[in-house]
>>> print(open('query30.pdb').read())   # PDB, C-alpha atoms
ATOM      1  CA  MET A  20      -7.273 108.722 120.282
ATOM      2  CA  ARG A  21     -10.432 107.566 118.546
ATOM      3  CA  ARG A  22      -9.190 108.836 115.173
ATOM      4  CA  GLU A  23      -5.861 106.966 115.568
ATOM      5  CA  ARG A  24      -7.737 103.771 116.365
ATOM      6  CA  ARG A  25      -9.882 104.136 113.214
ATOM      7  CA  ILE A  26      -6.760 104.656 111.076
ATOM      8  CA  ALA A  27      -5.080 101.578 112.570
ATOM      9  CA  VAL A  28      -8.174  99.415 111.977
ATOM     10  CA  SER A  29      -8.479 100.737 108.405
ATOM     11  CA  VAL A  30      -4.839  99.900 107.632
ATOM     12  CA  LEU A  31      -5.289  96.400 109.073
ATOM     13  CA  ILE A  32      -8.395  95.807 106.955
ATOM     14  CA  ILE A  33      -6.577  96.970 103.806
ATOM     15  CA  ILE A  34      -3.674  94.591 104.504
ATOM     16  CA  LEU A  35      -6.049  91.667 105.038
ATOM     17  CA  ILE A  36      -7.919  92.449 101.802
ATOM     18  CA  VAL A  37      -4.672  92.616  99.807
ATOM     19  CA  LEU A  38      -3.506  89.273 101.228
ATOM     20  CA  TRP A  39      -6.904  87.669 100.543
ATOM     21  CA  VAL A  40      -6.838  88.900  96.916
ATOM     22  CA  ARG A  41      -3.294  87.622  96.416
ATOM     23  CA  ILE A  42      -4.265  84.211  97.767
ATOM     24  CA  LEU A  43      -7.298  84.051  95.477
ATOM     25  CA  LEU A  44      -5.206  85.026  92.452
ATOM     26  CA  GLY A  45      -2.548  82.459  93.339
ATOM     27  CA  GLU A  46       0.209  85.036  93.779
ATOM     28  CA  TYR A  47       0.962  84.151  97.372
ATOM     29  CA  HIS A  48       2.998  81.011  97.875
ATOM     30  CA  SER A  49       4.387  79.780 101.133
ATOM     31  CA  GLN A  50       8.050  78.870 101.131
ATOM     32  CA  PRO A  51       9.218  75.801 103.023
ATOM     33  CA  ILE A  52      11.775  76.633 105.681
ATOM     34  CA  MET A  53      13.142  73.101 105.739
ATOM     35  CA  SER A  54      13.641  70.582 103.013
ATOM     36  CA  ARG A  55      14.784  66.997 102.946
ATOM     37  CA  MET A  56      18.460  66.686 102.079
ATOM     38  CA  GLU A  57      18.899  63.804  99.654
ATOM     39  CA  THR A  58      22.698  64.109  99.498
ATOM     40  CA  PRO A  59      25.210  64.701 102.276
ATOM     41  CA  TYR A  60      26.727  68.142 102.667
ATOM     42  CA  TYR A  61      29.604  69.787 104.497
ATOM     43  CA  VAL A  62      30.409  73.334 105.565
ATOM     44  CA  VAL A  63      33.298  75.585 104.551
ATOM     45  CA  TYR A  64      33.729  78.852 106.462
ATOM     46  CA  TYR A  65      34.648  81.949 104.474
ATOM     47  CA  ALA A  66      34.988  85.600 105.441
ATOM     48  CA  SER A  67      31.994  87.899 105.165
ATOM     49  CA  ARG A  68      32.494  90.745 102.712
ATOM     50  CA  PHE A  69      30.502  93.029 105.043
ATOM     51  CA  ASP A  70      31.384  92.002 108.630
ATOM     52  CA  THR A  71      34.305  90.625 110.582
ATOM     53  CA  LEU A  72      32.649  87.227 110.849
ATOM     54  CA  LEU A  73      32.916  83.800 109.322
ATOM     55  CA  VAL A  74      29.965  82.680 107.232
ATOM     56  CA  PRO A  75      29.184  79.062 106.326
ATOM     57  CA  GLU A  76      28.898  77.973 102.705
ATOM     58  CA  PHE A  77      27.300  74.562 102.192
ATOM     59  CA  HIS A  78      28.777  72.124  99.683
ATOM     60  CA  GLU A  79      27.446  68.752  98.540
ATOM     61  CA  GLY A  80      29.565  65.741  99.370
ATOM     62  CA  GLU A  81      31.198  63.921 102.237
ATOM     63  CA  GLY A  82      33.639  66.638 103.336
ATOM     64  CA  SER A  83      36.898  64.721 103.578
ATOM     65  CA  VAL A  84      39.923  66.622 104.864
ATOM     66  CA  SER A  85      41.334  66.736 101.322
ATOM     67  CA  GLN A  86      38.120  68.204  99.913
ATOM     68  CA  LEU A  87      37.783  70.738 102.739
ATOM     69  CA  LEU A  88      41.332  71.975 102.110
ATOM     70  CA  VAL A  89      40.725  72.288  98.355
ATOM     71  CA  ASP A  90      37.548  74.285  99.008
ATOM     72  CA  LEU A  91      39.291  76.566 101.528
ATOM     73  CA  ILE A  92      41.906  77.529  98.942
ATOM     74  CA  GLU A  93      39.352  78.063  96.154
ATOM     75  CA  GLU A  94      37.171  81.151  95.992
ATOM     76  CA  PRO A  95      33.713  80.891  97.612
ATOM     77  CA  ARG A  96      30.681  80.483  95.370
ATOM     78  CA  LEU A  97      28.537  83.153  97.038
ATOM     79  CA  PRO A  98      29.318  86.769  96.051
ATOM     80  CA  GLU A  99      28.917  88.105  99.607
ATOM     81  CA  LEU A 100      31.802  85.909 100.784
ATOM     82  CA  ILE A 101      35.550  86.265 100.259
ATOM     83  CA  SER A 102      38.444  83.890 100.712
ATOM     84  CA  PRO A 103      40.175  84.414 104.057
ATOM     85  CA  LEU A 104      43.428  82.902 102.770
ATOM     86  CA  PRO A 105      46.112  85.051 101.152
ATOM     87  CA  PRO A 106      46.874  84.561  97.440
ATOM     88  CA  GLY A 107      49.321  81.807  96.612
ATOM     89  CA  VAL A 108      48.688  79.702  99.715
ATOM     90  CA  GLU A 109      49.156  75.992  99.131
ATOM     91  CA  VAL A 110      48.585  72.985 101.344
ATOM     92  CA  LEU A 111      51.866  71.099 101.589
ATOM     93  CA  GLY A 112      50.356  68.187 103.496
ATOM     94  CA  PHE A 113      48.302  67.067 106.457
ATOM     95  CA  GLU A 114      48.263  64.288 109.017
ATOM     96  CA  GLN A 115      45.720  63.285 111.636
ATOM     97  CA  GLN A 116      46.921  62.014 115.010
ATOM     98  CA  GLY A 117      44.034  61.100 117.264
ATOM     99  CA  ASP A 118      41.576  63.986 117.251
ATOM    100  CA  VAL A 119      44.221  66.542 116.129
ATOM    101  CA  LEU A 120      44.712  67.405 112.459
ATOM    102  CA  TYR A 121      48.124  68.848 111.585
ATOM    103  CA  VAL A 122      47.971  70.960 108.409
ATOM    104  CA  ASN A 123      51.133  72.238 106.727
ATOM    105  CA  PHE A 124      50.746  75.395 104.596
ATOM    106  CA  SER A 125      53.171  77.169 102.288
ATOM    107  CA  HIS A 126      54.976  80.308 103.499
ATOM    108  CA  HIS A 127      52.374  82.439 101.662
ATOM    109  CA  LEU A 128      50.066  82.040 104.656
ATOM    110  CA  VAL A 129      52.460  84.388 106.492
ATOM    111  CA  THR A 130      54.304  86.337 103.787
ATOM    112  CA  GLU A 131      51.212  87.310 101.785
ATOM    113  CA  HIS A 132      48.861  87.860 104.737
ATOM    114  CA  PRO A 133      47.460  91.426 104.795
ATOM    115  CA  GLY A 134      47.859  91.565 108.585
ATOM    116  CA  GLY A 135      45.687  92.969 111.347
ATOM    117  CA  SER A 136      44.249  91.166 114.340
ATOM    118  CA  SER A 137      40.801  90.700 112.770
ATOM    119  CA  GLY A 138      42.287  89.442 109.527
ATOM    120  CA  GLU A 139      44.471  86.968 111.375
ATOM    121  CA  MET A 140      41.522  85.670 113.408
ATOM    122  CA  ILE A 141      39.412  85.250 110.269
ATOM    123  CA  THR A 142      42.199  83.361 108.481
ATOM    124  CA  VAL A 143      43.028  81.055 111.399
ATOM    125  CA  TYR A 144      39.452  80.250 112.361
ATOM    126  CA  SER A 145      38.331  79.789 108.775
ATOM    127  CA  ILE A 146      40.852  76.959 108.641
ATOM    128  CA  VAL A 147      40.093  75.585 112.108
ATOM    129  CA  ASN A 148      36.292  75.835 112.001
ATOM    130  CA  THR A 149      36.130  74.255 108.553
ATOM    131  CA  LEU A 150      38.455  71.355 109.349
ATOM    132  CA  VAL A 151      36.865  70.553 112.710
ATOM    133  CA  GLY A 152      33.857  69.522 110.577
ATOM    134  CA  ALA A 153      35.825  66.563 109.166
ATOM    135  CA  PRO A 154      35.201  63.129 110.693
ATOM    136  CA  GLY A 155      37.202  62.609 113.893
ATOM    137  CA  VAL A 156      38.798  66.068 113.920
ATOM    138  CA  GLU A 157      38.331  68.001 117.179
ATOM    139  CA  ARG A 158      41.370  70.296 117.017
ATOM    140  CA  VAL A 159      43.629  71.707 114.285
ATOM    141  CA  GLN A 160      47.319  72.554 114.441
ATOM    142  CA  ILE A 161      48.495  74.984 111.760
ATOM    143  CA  LEU A 162      52.058  74.573 110.494
ATOM    144  CA  VAL A 163      53.897  76.746 107.968
ATOM    145  CA  GLU A 164      56.608  75.112 105.845
ATOM    146  CA  GLY A 165      56.724  72.308 108.435
ATOM    147  CA  HIS A 166      57.325  74.681 111.361
ATOM    148  CA  LEU A 167      55.195  75.322 114.406
ATOM    149  CA  LEU A 168      54.709  79.085 114.720
ATOM    150  CA  GLU A 169      53.510  81.084 117.702
ATOM    151  CA  THR A 170      51.482  83.410 115.460
ATOM    152  CA  LEU A 171      50.851  84.141 111.785
ATOM    153  CA  VAL A 172      51.221  87.924 111.865
ATOM    154  CA  GLY A 173      51.665  88.782 115.539
ATOM    155  CA  HIS A 174      48.203  88.774 117.116
ATOM    156  CA  LEU A 175      46.808  85.274 117.691
ATOM    157  CA  TYR A 176      48.631  82.411 119.389
ATOM    158  CA  ILE A 177      48.643  79.297 117.178
ATOM    159  CA  GLY A 178      51.418  77.355 118.945
ATOM    160  CA  GLU A 179      49.020  74.606 120.036
ATOM    161  CA  PRO A 180      46.046  72.799 118.462
ATOM    162  CA  LEU A 181      42.941  75.010 118.281
ATOM    163  CA  GLN A 182      39.273  74.123 118.718
ATOM    164  CA  LYS A 183      36.311  75.541 116.816
ATOM    165  CA  ASP A 184      35.417  79.116 117.766
ATOM    166  CA  HIS A 185      31.669  79.822 117.677
ATOM    167  CA  PHE A 186      32.027  83.482 118.611
ATOM    168  CA  ILE A 187      33.697  84.462 115.338
ATOM    169  CA  MET A 188      30.746  82.928 113.477
ATOM    170  CA  GLY A 189      28.349  85.286 115.232
ATOM    171  CA  SER A 190      26.738  82.482 117.219
ATOM    172  CA  LEU A 191      26.975  84.431 120.453
ATOM    173  CA  LEU A 192      25.561  87.615 118.953
ATOM    174  CA  ILE A 193      22.013  86.269 118.959
TER     175      ILE A 193
END
>>> encode(input="query30.pdb", output="structure tokens")
Amino acid sequence: MRRERRIAVSVLIIILIVLWVRILLGEYHSQPIMSRMETPYYVVYYASRFDTLLVPEFHEGEGSVSQLLVDLIEEPRLPELISPLPPGVEVLGFEQQGDVLYVNFSHHLVTEHPGGSSGEMITVYSIVNTLVGAPGVERVQILVEGHLLETLVGHLYIGEPLQKDHFIMGSLLI
């Protein structure tokens, strides 16, 4: 027991000496964990390449509905993220009525979707969670070629306006 205590104290002393030397040599810099944002930003949710979760990507700007939809269709900037929308998807239009945003997508959202319950959830809530960030939008109704569908590929009911889902972002995993 005494020998283990000596080893632990010795290791602690070595760590403190290394840190002290690094500080004296100027090699140790603290990193701020917060910084002042000079420009506004908005969030676009993409799929994680490694987990079945949505991950936020921050973009500079005001985050209008038009801009959010353009960003959703484009590829994410970060390499660990992937687009949750199938190839060829286009936005045919959108309209806001009260706190509900109706977004009309091309048929590719259904016909080119790879399928699976997780994939469908990621696609739907990437759209919903991103667009709920727009001013005045509380819920999103997804339409395909002007039609209200019950589901994209058979797993998730989308026949009514949807609210943001925090669970799929990993918020409840903490």
>>> resolve_selection(input="query30.pdb", expression="the PyMOL selection byres ((chain A and resi 139) around 12)", output="number ranges by chain")
A: 66, 71-72, 103-105, 128-129, 131-138, 140-146, 170-177, 187
>>> write_last_selection(input="query30.pdb", atoms="C-alpha atoms", output="PDB file, keeping the file's coordinate frame")
ATOM      1  CA  ALA A  66      34.988  85.600 105.441  1.00  0.00           C
ATOM      2  CA  THR A  71      34.305  90.625 110.582  1.00  0.00           C
ATOM      3  CA  LEU A  72      32.649  87.227 110.849  1.00  0.00           C
ATOM      4  CA  PRO A 103      40.175  84.414 104.057  1.00  0.00           C
ATOM      5  CA  LEU A 104      43.428  82.902 102.770  1.00  0.00           C
ATOM      6  CA  PRO A 105      46.112  85.051 101.152  1.00  0.00           C
ATOM      7  CA  LEU A 128      50.066  82.040 104.656  1.00  0.00           C
ATOM      8  CA  VAL A 129      52.460  84.388 106.492  1.00  0.00           C
ATOM      9  CA  GLU A 131      51.212  87.310 101.785  1.00  0.00           C
ATOM     10  CA  HIS A 132      48.861  87.860 104.737  1.00  0.00           C
ATOM     11  CA  PRO A 133      47.460  91.426 104.795  1.00  0.00           C
ATOM     12  CA  GLY A 134      47.859  91.565 108.585  1.00  0.00           C
ATOM     13  CA  GLY A 135      45.687  92.969 111.347  1.00  0.00           C
ATOM     14  CA  SER A 136      44.249  91.166 114.340  1.00  0.00           C
ATOM     15  CA  SER A 137      40.801  90.700 112.770  1.00  0.00           C
ATOM     16  CA  GLY A 138      42.287  89.442 109.527  1.00  0.00           C
ATOM     17  CA  MET A 140      41.522  85.670 113.408  1.00  0.00           C
ATOM     18  CA  ILE A 141      39.412  85.250 110.269  1.00  0.00           C
ATOM     19  CA  THR A 142      42.199  83.361 108.481  1.00  0.00           C
ATOM     20  CA  VAL A 143      43.028  81.055 111.399  1.00  0.00           C
ATOM     21  CA  TYR A 144      39.452  80.250 112.361  1.00  0.00           C
ATOM     22  CA  SER A 145      38.331  79.789 108.775  1.00  0.00           C
ATOM     23  CA  ILE A 146      40.852  76.959 108.641  1.00  0.00           C
ATOM     24  CA  THR A 170      51.482  83.410 115.460  1.00  0.00           C
ATOM     25  CA  LEU A 171      50.851  84.141 111.785  1.00  0.00           C
ATOM     26  CA  VAL A 172      51.221  87.924 111.865  1.00  0.00           C
ATOM     27  CA  GLY A 173      51.665  88.782 115.539  1.00  0.00           C
ATOM     28  CA  HIS A 174      48.203  88.774 117.116  1.00  0.00           C
ATOM     29  CA  LEU A 175      46.808  85.274 117.691  1.00  0.00           C
ATOM     30  CA  TYR A 176      48.631  82.411 119.389  1.00  0.00           C
ATOM     31  CA  ILE A 177      48.643  79.297 117.178  1.00  0.00           C
ATOM     32  CA  ILE A 187      33.697  84.462 115.338  1.00  0.00           C
TER      33      ILE A 187
END
>>> closest_residue(input="query30.pdb", among="A:Val159, A:Ile34, A:Leu150, A:Leu73", to="Val89 of chain A", atoms="all atoms listed in the file")
A:Leu150
>>> closest_residue(input="query30.pdb", among="A:Ser29, A:Gln160, A:Ser67, A:Ser85", to="Asp118 of chain A", atoms="all atoms listed in the file")
A:Gln160
>>> residues_around(input="query30.pdb", residues="Lys183 of chain A", least_positions_apart="5", cutoff="8 Å", atoms="only C-alpha atoms", output="list in words")
Tyr144, Val147, Asn148, Val151, Glu157 and Arg158 of chain A
>>> closest_residue(input="query30.pdb", among="A:His166, A:Asp184, A:Ile36, A:Pro154", to="Tyr61 of chain A", atoms="all atoms listed in the file")
A:Pro154
>>> closest_residue(input="query30.pdb", among="A:Thr149, A:Phe69, A:Ser125, A:Ile33", to="Asp90 of chain A", atoms="all atoms listed in the file")
A:Thr149
>>> resolve_selection(input="query30.pdb", expression="the PyMOL selection byres ((chain A and resi 112) around 7)", output="VMD selection string")
chain A and resid 110 to 111 113 122 to 123
>>> write_last_selection(input="query30.pdb", atoms="C-alpha atoms", output="PDB file, in the coordinates of the input")
ATOM      1  CA  VAL A 110      48.585  72.985 101.344  1.00  0.00           C
ATOM      2  CA  LEU A 111      51.866  71.099 101.589  1.00  0.00           C
ATOM      3  CA  PHE A 113      48.302  67.067 106.457  1.00  0.00           C
ATOM      4  CA  VAL A 122      47.971  70.960 108.409  1.00  0.00           C
ATOM      5  CA  ASN A 123      51.133  72.238 106.727  1.00  0.00           C
TER       6      ASN A 123
END
>>> closest_residue(input="query30.pdb", among="A:Gln116, A:Tyr64, A:Gly178, A:Arg24", to="Glu93 of chain A", atoms="all atoms listed in the file")
A:Tyr64
>>> axis_aligned_box(input="query30.pdb", around="segment 21-36 of chain A", padding_each_side="3 Å", output="JSON")
{"center_x": -7.1, "center_y": 100.3, "center_z": 110.2, "size_x": 12.8, "size_y": 23.2, "size_z": 22.7}
>>> atom_distance(input="query30.pdb", atom1="atom CA of Tyr60 of chain A", atom2="atom CA of Glu94 of chain A")
18.0 Å
>>> resolve_selection(input="query30.pdb", expression="the PyMOL selection byres ((chain A and resi 81) around 9)", output="JSON, numbers by chain")
{"A": [58, 59, 60, 61, 78, 79, 80, 82, 83, 86, 153]}
>>> atom_distance(input="query30.pdb", atom1="atom CA of Pro180 of chain A", atom2="atom CA of Phe77 of chain A")
24.9 Å
>>> atom_distance(input="query30.pdb", atom1="atom CA of Gly117 of chain A", atom2="atom CA of Gln182 of chain A")
13.9 Å
>>> closest_residue(input="query30.pdb", among="A:Ala27, A:Val119, A:Asp70, A:Glu164", to="Glu179 of chain A", atoms="only C-alpha atoms")
A:Val119
